[in-house]
Amino acid sequence: MQRMDEPVLREIVLVGGGHSHVGVLRRFAMNPLPGVRLTLICRDTHTPYSGMLPGYIAGHYDYDDVHIDLRRLAEFAGARFFSDEAVGLNRDSRHVLCARRPPVPYDLLSLNIGATPQMHRVAGATDHAVPVKPIYRFNDRWLTLLERLRRHPGHQRIAVVGGGAGGVELTLAIQYRLQMERRAAGLDPEAVAFHLVTASRQILPTHNARVRRHFERILRARGVHLHCDAAVQSVSAGALRTTGGSELEADEIIWATQAGGAHWLRETGLDLDDDGFIKANDTLQTTTDPNIFAAGDIATLVNHPREKAGVFAVRQGRPLAANLRRRIQGRSTRPYHPQGKWLALISTGDRYAVASRGAISFSGRWVWRWKDHIDRSFMARFSDLPQMPVPGTRQPAPVALTPADIETLSASGMRCAGCGAKIAATALHRVLARLSKGTDPDDVAVGLDTPDDAAVLRLPAGYSLVQSTDFFPAFISDPYVFGQITANHALGDLYAMGAAPHSATAVAAVPHAHPEKIEDTLYQMLAGALNTLAGAGCRLVGGHSSESRELSLGFTVNGLLADDESALTKSGMRPGDALVLTKPLGTGCLLAAHARLAARGRWIDAAIEAMRQSSMAAAGCLREHGATACTDVTGFGVAGHLLEMARASGTGVELDPDTLPLLPGVRETLRAGIVSSLHAANREAASAHLDAGDGLDHENYPLLFDPQTAGGLLASVPGANARQCVTALHDLGYGDAAIIGQVVDQGQARVTLRGTDAHHRENGGREWESNPPDTFNASHRV
């Protein structure tokens, strides 16, 4: 685990979450290099282990059994995780070009991105076939295909193109799963016919004759139609045509062959083979650029060509990690020699497997159990992560130090405060030059594009200024996404008041590091913030930047409110109003779980998407439906913010914990006893004005005190408009918006939890949606 207070001198960027890179991450976690930071760029948070994919398709494993959680593994390794997709390289400036973020700089780069289907080579294949690769995208395609086939009452024909181990295993796994599913649904399990099509003269061409004969017998026994020496020339809806003009009718076509390198690699200047794979030497460095490494399926070892198999990607993890370490330290890299023979354990779908190694072959159910043990042991290395001690003081990594490195290290022990902590002017000017695009609008007289000491804004006649400030340290490792969320969090105060965002100033703090690393981190963070601000029509007009022990960001945001419109304050709630919440809850406990490595990556993905979602459209919708009061749910939690509204309005509120919308993973996190560090203080502050009743034991009760980052809007809406308002919010993309309670006349500011008796639970806690709150009376109170 990397120390957070060590200045970053070098950056190793890993593109792709393949089998080699997960090994690199684990090895750097167990033995980090001071001053060296890893960044993982991968589109998907959960990467599948190819060795268990057939078992997953056959139904022997669930999703988490066969997927490695990259976000969690990166957190364990002290690495940054960027959820994005590489689309190019600038080798001159050493930057990775990404689909949805600014370029990412590297000192060393490693590519482990797998293979890409080359379906464009066969007419119609892209439009009418389902590709297996890249494997990390196959799950969604498989689930869609399974849903189509499992309930189809009639006969179906499935063609799998590809006679290698992958195509054979896939055919048998799909057949096994569909027969089980259809039998359970009362459908004929034999009504689905399977065809295995290969351009080779025989299946499994890289395996020995005994293995081939064994699988030929199994395929025949299972009723699979085998088409050898049948290269596919074209694919159309419902059919494929092979060499010689033969046509095979098929309702579903699965493509498990003809994979190559990603198309964008052709523009990188890297030396590629005929299939677009990167040529690499024995040290796993590319033959073109010694600062770029390649491993797994994307690499072709020019001196030791091997078939594309997961076993090689797994075994390359160790030498890849070692050579990245040696290269970043300025030492000579060492050659890796892949084995000439390797063990392949090929499953048949029904918990039976065949072993193949050179001329050796054996089979049985015990072989499947052996394979299962090997696979589960491999996956346990990335799911059962050990508790790592807090790193002590270490000497700086023996990297080849530049004068800037020496200056950075010598200054790291004692950093100045006050204005001595400001980020260097040259770095700041370069960042601002990259950020400042376009011309300031007329109402910004002096803004970011000038070097003046303060911004000058012209307020339009007939408008009032609405202003708010927010600031907090980073809670995720991606500075670009952190910038987006922080800006969105600050804007939430303006939306809650009914103001239109106008301008903002930023306060940014970046940990001490090599000057280039400081500059890039600041740029990434502010670029993310600008992305959000620009989407809201808000102009960044100035700010302050400094060094700090941790990455932090905050904004003072300015909004405009027309003088003929009243601000939507917290004091307007009226008895009979419904309480509408626009976003799900749980970011506080989920982020706490993430810090403890106790959250699944997809839970954090969902939380990030919720935090990035703007409340602009929600604010307009609430106003259109007559909202009488509004706030954004942030640090004090639902209970704390409701109490503020109740005090300001002189009312009470009744809240139904059954109706609280939750982010994925929240219940699992709360059941594990994980809550935010602010939870106890929030609960203590609200307890004197909270009547919990029998809701004290409700599983959602702790969420009342969960601090939210960039949380949703909480508004009181006239009861007669509430259901229509929620429907409109759903249509605008706020799919979790819900009525969570009502405003009552209690004569004092209190939050009362509504009873959760059996009748109420049977109705799903949705009585307020079928009975508008304005029809309620005192008998409904606890």
# chains A, B, ... in the order shown; residues from 1 in each chain; ligands from 1
>>> residues_around(residues="A:Leu40", least_positions_apart="6", cutoff="10 Å", atoms="only C-alpha atoms", output="PDB file with C-alpha atoms, in the first residue's frame")
ATOM      1  CA  ILE A  12       3.256   4.047 -14.317  1.00  0.00           C
ATOM      2  CA  VAL A  13       0.026   3.895 -16.295  1.00  0.00           C
ATOM      3  CA  LEU A  14      -1.669   0.540 -16.866  1.00  0.00           C
ATOM      4  CA  VAL A  15      -4.192   0.505 -19.713  1.00  0.00           C
ATOM      5  CA  GLY A  16      -6.607  -2.397 -19.473  1.00  0.00           C
ATOM      6  CA  GLY A  17      -7.644  -4.640 -16.598  1.00  0.00           C
ATOM      7  CA  HIS A  21      -2.277  -6.108 -14.903  1.00  0.00           C
ATOM      8  CA  VAL A  22      -4.193  -7.496 -11.932  1.00  0.00           C
ATOM      9  CA  LEU A  25      -1.381  -4.299  -9.070  1.00  0.00           C
ATOM     10  CA  LEU A  70     -10.572  -3.539 -10.302  1.00  0.00           C
ATOM     11  CA  ARG A  71     -11.645  -0.475  -8.335  1.00  0.00           C
ATOM     12  CA  ALA A  74      -6.565  -0.446  -7.279  1.00  0.00           C
ATOM     13  CA  ALA A  79      -3.290   3.149  -7.411  1.00  0.00           C
ATOM     14  CA  ARG A  80      -5.602   5.597  -9.114  1.00  0.00           C
ATOM     15  CA  PHE A  81      -8.530   4.059 -10.996  1.00  0.00           C
ATOM     16  CA  PHE A  82      -9.789   5.926 -14.058  1.00  0.00           C
ATOM     17  CA  SER A  83     -13.007   4.462 -15.437  1.00  0.00           C
ATOM     18  CA  ASP A  84     -12.457   5.266 -19.096  1.00  0.00           C
ATOM     19  CA  SER A 110       1.765  -0.943 -20.066  1.00  0.00           C
TER      20      SER A 110
END
>>> residues_around(residues="stretch 291-293 of chain A", least_positions_apart="4", cutoff="7 Å", atoms="only C-alpha atoms", output="PDB file with N, CA and C atoms, in the first residue's frame")
ATOM      1  N   LEU A 108       6.065   5.445 -17.645  1.00  0.00           N
ATOM      2  CA  LEU A 108       6.034   4.123 -18.255  1.00  0.00           C
ATOM      3  C   LEU A 108       4.584   3.755 -18.520  1.00  0.00           C
ATOM      4  N   LEU A 109       4.377   3.026 -19.616  1.00  0.00           N
ATOM      5  CA  LEU A 109       3.030   2.630 -20.005  1.00  0.00           C
ATOM      6  C   LEU A 109       3.008   1.132 -20.247  1.00  0.00           C
ATOM      7  N   SER A 110       1.953   0.480 -19.791  1.00  0.00           N
ATOM      8  CA  SER A 110       1.765  -0.943 -20.066  1.00  0.00           C
ATOM      9  C   SER A 110       0.374  -1.164 -20.630  1.00  0.00           C
ATOM     10  N   LEU A 111       0.294  -1.960 -21.692  1.00  0.00           N
ATOM     11  CA  LEU A 111      -0.968  -2.235 -22.377  1.00  0.00           C
ATOM     12  C   LEU A 111      -1.341  -3.697 -22.184  1.00  0.00           C
ATOM     13  N   LEU A 284       9.013  -7.993 -22.492  1.00  0.00           N
ATOM     14  CA  LEU A 284       7.639  -7.486 -22.577  1.00  0.00           C
ATOM     15  C   LEU A 284       7.595  -6.007 -22.926  1.00  0.00           C
ATOM     16  N   GLN A 285       8.726  -5.427 -23.277  1.00  0.00           N
ATOM     17  CA  GLN A 285       8.741  -4.076 -23.835  1.00  0.00           C
ATOM     18  C   GLN A 285       8.448  -4.156 -25.328  1.00  0.00           C
ATOM     19  N   THR A 286       7.751  -3.159 -25.836  1.00  0.00           N
ATOM     20  CA  THR A 286       7.456  -3.168 -27.261  1.00  0.00           C
ATOM     21  C   THR A 286       8.750  -3.018 -28.053  1.00  0.00           C
TER      22      THR A 286
END
>>> select_by_dssp(residues="stretch 26-138 of chain A", states="strand (DSSP E or B)", output="short mmCIF file (atom, residue, chain, number, x, y, z; two decimals) with N, CA and C atoms, in the first residue's frame")
data_model
loop_
_atom_site.label_atom_id
_atom_site.label_comp_id
_atom_site.auth_asym_id
_atom_site.auth_seq_id
_atom_site.Cartn_x
_atom_site.Cartn_y
_atom_site.Cartn_z
N VAL A 36 6.60 6.30 -6.63
CA VAL A 36 6.05 5.79 -7.89
C VAL A 36 4.56 5.53 -7.71
N ARG A 37 3.76 6.13 -8.58
CA ARG A 37 2.31 5.98 -8.51
C ARG A 37 1.82 5.20 -9.71
N LEU A 38 0.88 4.31 -9.46
CA LEU A 38 0.24 3.56 -10.53
C LEU A 38 -1.13 4.14 -10.83
N THR A 39 -1.48 4.17 -12.10
CA THR A 39 -2.81 4.58 -12.54
C THR A 39 -3.34 3.51 -13.47
N LEU A 40 -4.52 3.00 -13.17
CA LEU A 40 -5.17 2.00 -14.02
C LEU A 40 -6.30 2.66 -14.80
N ILE A 41 -6.26 2.53 -16.12
CA ILE A 41 -7.32 3.04 -16.99
C ILE A 41 -8.06 1.85 -17.56
N CYS A 42 -9.32 1.73 -17.23
CA CYS A 42 -10.12 0.61 -17.73
C CYS A 42 -11.57 1.03 -17.78
N HIS A 46 -15.32 -4.23 -13.20
CA HIS A 46 -15.17 -5.65 -12.91
C HIS A 46 -14.67 -6.36 -14.16
N THR A 47 -13.53 -7.01 -14.05
CA THR A 47 -12.94 -7.69 -15.20
C THR A 47 -13.12 -9.19 -15.05
N PRO A 48 -13.57 -9.89 -16.10
CA PRO A 48 -13.81 -11.33 -15.98
C PRO A 48 -12.52 -12.13 -16.08
N HIS A 67 -15.44 -12.50 -11.57
CA HIS A 67 -14.99 -11.14 -11.91
C HIS A 67 -14.07 -10.59 -10.81
N ILE A 68 -13.02 -9.94 -11.23
CA ILE A 68 -12.09 -9.26 -10.31
C ILE A 68 -12.51 -7.81 -10.21
N ASP A 69 -12.64 -7.32 -9.01
CA ASP A 69 -13.07 -5.95 -8.75
C ASP A 69 -11.86 -5.03 -8.88
N ARG A 80 -4.43 4.85 -8.66
CA ARG A 80 -5.60 5.60 -9.11
C ARG A 80 -6.37 4.74 -10.12
N PHE A 81 -7.69 4.80 -10.05
CA PHE A 81 -8.53 4.06 -11.00
C PHE A 81 -9.32 5.05 -11.83
N PHE A 82 -9.07 5.05 -13.13
CA PHE A 82 -9.79 5.93 -14.06
C PHE A 82 -10.73 5.07 -14.89
N SER A 83 -12.02 5.23 -14.69
CA SER A 83 -13.01 4.46 -15.44
C SER A 83 -13.22 5.11 -16.80
N ALA A 86 -9.08 3.87 -23.32
CA ALA A 86 -8.02 4.45 -24.14
C ALA A 86 -8.41 4.40 -25.60
N VAL A 87 -8.13 5.49 -26.32
CA VAL A 87 -8.45 5.55 -27.75
C VAL A 87 -7.25 5.96 -28.59
N GLY A 88 -6.10 6.19 -27.94
CA GLY A 88 -4.92 6.58 -28.70
C GLY A 88 -3.76 6.91 -27.78
N LEU A 89 -2.60 7.14 -28.39
CA LEU A 89 -1.40 7.52 -27.66
C LEU A 89 -0.76 8.72 -28.34
N ASN A 90 -0.17 9.60 -27.53
CA ASN A 90 0.76 10.61 -28.03
C ASN A 90 2.11 10.25 -27.44
N HIS A 95 1.47 10.67 -23.48
CA HIS A 95 0.10 10.80 -22.96
C HIS A 95 -0.77 9.69 -23.55
N VAL A 96 -1.66 9.16 -22.72
CA VAL A 96 -2.71 8.26 -23.16
C VAL A 96 -3.95 9.09 -23.48
N LEU A 97 -4.48 8.94 -24.68
CA LEU A 97 -5.68 9.65 -25.08
C LEU A 97 -6.90 8.81 -24.70
N CYS A 98 -7.85 9.43 -24.03
CA CYS A 98 -9.02 8.72 -23.51
C CYS A 98 -10.30 9.22 -24.16
N VAL A 104 -3.90 11.45 -20.29
CA VAL A 104 -3.27 11.05 -19.03
C VAL A 104 -1.78 10.85 -19.29
N PRO A 105 -0.90 11.59 -18.59
CA PRO A 105 0.55 11.45 -18.82
C PRO A 105 1.12 10.19 -18.18
N LEU A 108 6.06 5.44 -17.65
CA LEU A 108 6.03 4.12 -18.26
C LEU A 108 4.58 3.76 -18.52
N LEU A 109 4.38 3.03 -19.62
CA LEU A 109 3.03 2.63 -20.01
C LEU A 109 3.01 1.13 -20.25
N SER A 110 1.95 0.48 -19.79
CA SER A 110 1.77 -0.94 -20.07
C SER A 110 0.37 -1.16 -20.63
N LEU A 111 0.29 -1.96 -21.69
CA LEU A 111 -0.97 -2.24 -22.38
C LEU A 111 -1.34 -3.70 -22.18
N THR A 116 -9.62 -7.74 -29.81
CA THR A 116 -10.84 -7.11 -30.32
C THR A 116 -11.34 -7.93 -31.51
N PRO A 117 -12.63 -8.21 -31.60
CA PRO A 117 -13.13 -8.99 -32.74
C PRO A 117 -12.90 -8.25 -34.06
N ALA A 123 -18.41 -9.94 -44.24
CA ALA A 123 -19.58 -9.10 -44.55
C ALA A 123 -20.77 -9.48 -43.67
N VAL A 130 -23.01 -12.01 -32.50
CA VAL A 130 -22.68 -11.58 -31.14
C VAL A 130 -21.23 -11.95 -30.86
N PRO A 131 -20.33 -10.97 -30.73
CA PRO A 131 -18.92 -11.29 -30.50
C PRO A 131 -18.65 -11.68 -29.05
#
>>> select_by_dssp(residues="stretch 51-219 of chain A", states="alpha helix (DSSP H)", output="VMD selection string")
chain A and resid 53 to 58 63 to 66 70 to 77 125 to 128 138 to 150 165 to 184 209 to 219
>>> closest_residue(among="A:Arg539, A:Arg723, A:His544, A:Arg351", to="A:Asp442", atoms="only C-alpha atoms")
A:Arg539
>>> residues_around(residues="stretch 628-644 of chain A", least_positions_apart="3", cutoff="9 Å", atoms="only C-alpha atoms", output="ChimeraX atom specification")
/A:489,492-493,495-498,568-574,577,581,585,588,619,622-623,647-649,652-653,678-679,681-683,685-686,689-690,703-718,749-751
>>> residues_around(residues="A:Gly164", least_positions_apart="5", cutoff="7 Å", atoms="only C-alpha atoms", output="number ranges by chain")
A: 203-205
>>> residues_around(residues="A:Val666", least_positions_apart="2", cutoff="9 Å", atoms="only C-alpha atoms", output="list in words")
Leu585, Gly586, Thr587, Cys589, Leu590, Trp603, Leu662, Leu663, Pro664, Glu668, Thr669, Leu670, Arg671 and Leu703 of chain A
>>> residues_around(residues="A:Ala322", least_positions_apart="3", cutoff="12 Å", atoms="only C-alpha atoms", output="VMD selection string")
chain A and resid 20 23 to 25 27 to 28 31 to 33 283 to 284 293 316 to 319 325 to 329 331 to 336
>>> residues_around(residues="A:Ala445", least_positions_apart="3", cutoff="10 Å", atoms="only C-alpha atoms", output="list of chain:residue names")
A:Asp440, A:Pro441, A:Asp442, A:Thr450, A:Ala455, A:Val456, A:Leu457, A:Arg458, A:Val541
>>> closest_residue(among="A:Pro584, A:Gly665, A:Gly154, A:Gly626", to="A:Ala598", atoms="only C-alpha atoms")
A:Gly665
>>> closest_residue(among="A:Gln179, A:Ala58, A:Asp443, A:Pro7", to="A:Ser548", atoms="only C-alpha atoms")
A:Pro7
>>> closest_residue(among="A:Gly261, A:Arg201, A:Arg100, A:Gly358", to="A:Tyr480", atoms="only C-alpha atoms")
A:Arg100
>>> atom_distance(atom1="atom CA of A:Lys133", atom2="atom CA of A:Thr257")
8.6 Å
>>> atom_distance(atom1="atom CA of A:Asp62", atom2="atom CA of A:Met611")
28.6 Å
>>> closest_residue(among="A:Arg151, A:Val161, A:Tyr63, A:Val431", to="A:Val132", atoms="only C-alpha atoms")
A:Val161
